[in-house]
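> Sharing a structure below in structure tokens format, with a few things to ask.
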There are 2 protein chains.
Amino acid sequence: MNAEIIAVGSELLLGQIANTNAQFISEHLAALGIDVFFHTVCGDNEARMIDVIKNAEARADLLIFTGGLGPTKDDLTKETVAKVLGRKMVTDQEAMDSILNYFKVTGREMTENNKKQALVIEGSHVLPNHHGMAPGMIVDTKNHLYLLMPGVPSEMKPMFLDFAQRYLARRNEEHIQSRVLRFFGIGESQLETKIIDLIDAQSNPTIAPLAKESEVTLRLTAKHERSDQAEAMLDALEAKIDARVGQYLYGYDETSLPEVVFQLLCEKKKTIAFAESLTGGMAADWLAAFPGASSVLSGGIVCYTNHVKRHVLHVPEDVLQTDGAVSAICAKLLAESARKLCGSDFGISFTGVAGPDTSEGKAVGTVYIGLAYKNGANSYPFQFNGTRQKIRIQSAKTGYDIVRRYLNGLPILGQ
Amino acid sequence: MNAEIIAVGSELLLGQIANTNAQFISEHLAALGIDVFFHTVCGDNEARMIDVIKNAEARADLLIFTGGLGPTKDDLTKETVAKVLGRKMVTDQEAMDSILNYFKVTGREMTENNKKQALVIEGSHVLPNHHGMAPGMIVDTKNHLYLLMPGVPSEMKPMFLDFAQRYLARRNEEHIQSRVLRFFGIGESQLETKIIDLIDAQSNPTIAPLAKESEVTLRLTAKHERSDQAEAMLDALEAKIDARVGQYLYGYDETSLPEVVFQLLCEKKKTIAFAESLTGGMAADWLAAFPGASSVLSGGIVCYTNHVKRHVLHVPEDVLQTDGAVSAICAKLLAESARKLCGSDFGISFTGVAGPDTSEGKAVGTVYIGLAYKNGANSYPFQFNGTRQKIRIQSAKTGYDIVRRYLNGLPILGQ
């Protein structure tokens, strides 16, 4: 099966946004063993869209559309596909109910054009949208498969992962098992060097390294007519990799470092508190994002000014004067104080210079992370680089890795 | 003149990278008054590339190619365009000299295939590459204009800005001015309903609505041979829109709501502190992201548990027992207490039920936002819906909109 991904939306042709949906979908189709030969972007224009659909039908089995499912006049995708297929539009009651419910819950006034979002192509398999109002749909003719999804990434991605992907996998014979190993605290080239022989010898399974924001991932992909066999091939390869760089391997697939730490804290029934100068609430927010966070997140203090470090977290004046707010001792005190104030098992603190300007005569990227626990506390120095935001994110992630390593009894790496 | 942007490269079809080149070029073509009707991505495959070129010739005047100009076997773009045009490839001496010079300077040994990079399409206008080895080229037939550039953004962008853009500008008279209006607190369909007559009447300037996460934008685009006239047309249209929905209009182009509030606080020399239960540090983090944040962000408390609400923010036990943590009175007290603790001009608080489970018998999406100022405090009730993360983000944005409205003397909307 080969696919063409068709994005509809003038905002793409005006350069307001990049077509990241096509990248996301392509990456996942590759893992399913579906070849993507073309991406096409066209505007909210019926004649040009029809031209695009006919081109795509001539060269692809699977046509994936993103965008143009909304309530406004210039949302034309499903109507145009229906026209090309010679099918009627019908109201999907489930979609209509969830739209009515949305307006009932929010108490917002429902305008007539919202009903348009409940219209689907006759005979299509409707994909629910749990993050917005416009449902997706799959039309399966004997010659082609048409998949229509919303253009807003936060609606399209879960719809693809939860519904469309499974449907496509069933339609595709060859079993391709893919597994992403996620690493933190090791660079891409350093990781590659440690497993270069495995990479050079790869055929099936394959190993694809990818550098993400201050992380590295390895995508392992195995092909076999039996899925359990493919899984076994992945297990064997992972074991080899784990033996060499296991301490940096924190999780799998879409699992984030904060998610891993959240799970660890839940398992061990431990709570944590944050003292955030540099990261300004970012680190606590990452934990608060998980349902049930209150069982492990006690709270935190965003100690952005020395006033707050002094009066809320009781950092002694002389420490702030002599060592400064960006220092190992201050990081240690902040972590201890956050732990005490919030009554938690652990306290973690972040203080540093995010830039663009230096502070206290310390260089941009100078970071100290403190960790406090029942019988003491420690702090770890780092020197990061990049933009203000990159330094802040790297610091927060490093803090989570410190907690992960502490809870797993692994060595903690300061620089 | 209308254009099609054709990106060549399997890495795009595999989802390893997004087609940001198309976004960059589209944005600049819009400013030149050149319409972009299609983006196409195809792989390093001659037959499919020929198919793409013929399609594009049938529907566009200007064909812009990115990628496939390199030295390797799978770099086929210029050879394939030459084939379609029935032209020969010839060596460009200038390009050859700079390649030879590159290897001389770097002391690296030049492999034979690098000479391929000096080959250009016969009769083309060569665009120098000051950031790499592969030159770009423009072929101007009487029917079409073909622009070929490298795929590496750091080579393509300067080549476009320094050479291609000027060439295209000369070929095109018309000026296009574009302006994005950003709205918060009003839905896409509600906004469209209020200006439907303007949308129906649009021709020049045009109005393009776009729904972003819990926001809506309108892109206004005017064409005129004089840019100041185009600007005036945009001003006139914006004035009409402003008269109807001005209170929801918070900013322009890429400006975010937190950025607007950051600017307002800087102008008015005011500081703010956060008390975040529901949002867990997210709101403070958004402000901390800006360089110079310390001049307006005093700090905050992530009061995730009642322990922290009680012992750090001094919410009376009976409030937590009778009204609960998710209540108007608690929100008010949290905002006041954060303001006092951090010694700031304003205090803002967020408490609510992010879900997935209800809390204190209150429905998921129940949110109270408190605002404390010099002479008092107030709190505002909201009912949001969607995922846990959507509710948290919507709450944080709404908090920023409350501060924006307060600082601008606008009515504050609770639901």
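Every chain in the structure tokens has a letter given in the order shown (A, B, ...), and although residue numbers restart at 1 in each chain, ligands are simply numbered from 1 in the order shown.
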Write out as a PyMOL selection string all residues of stretch 74-232 of chain B that DSSP puts in strand (DSSP E) for this structure's backbone.

chain B and resi 89-91+119-121+125-127+136-140+145-149+175-183+206-212+215-224

> Using only C-alpha atoms, determine which residues of chain A fall within 6 Å of chain B; present them as a PyMOL selection string.

chain A and resi 13-15+18+20+23+26-27+36+38-42+106+131+280-282+284-285+288+298-305+308+342

> Quote the spacing between atom CA of B:Gly347 and atom CA of B:Ala328 in Å to one decimal place.

14.8 Å

> Quick one: pick out all helix (DSSP H, G or I) residues within stretch 210-259 of chain A from a backbone DSSP run and write them as number ranges by chain.

A: 227-248, 257-259

> I'd like to know which of A:His314, A:His130, A:Lys194, A:Lys362 is closest to A:Ser154, using only C-alpha atoms.

A:His130

> Find the distance between atom CA of A:Lys157 and atom CA of A:Pro258 and write it in Å to one decimal.

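Taking atom CA of A:Lys157 as the start and atom CA of A:Pro258 as the end point, the length is 20.5 Å.
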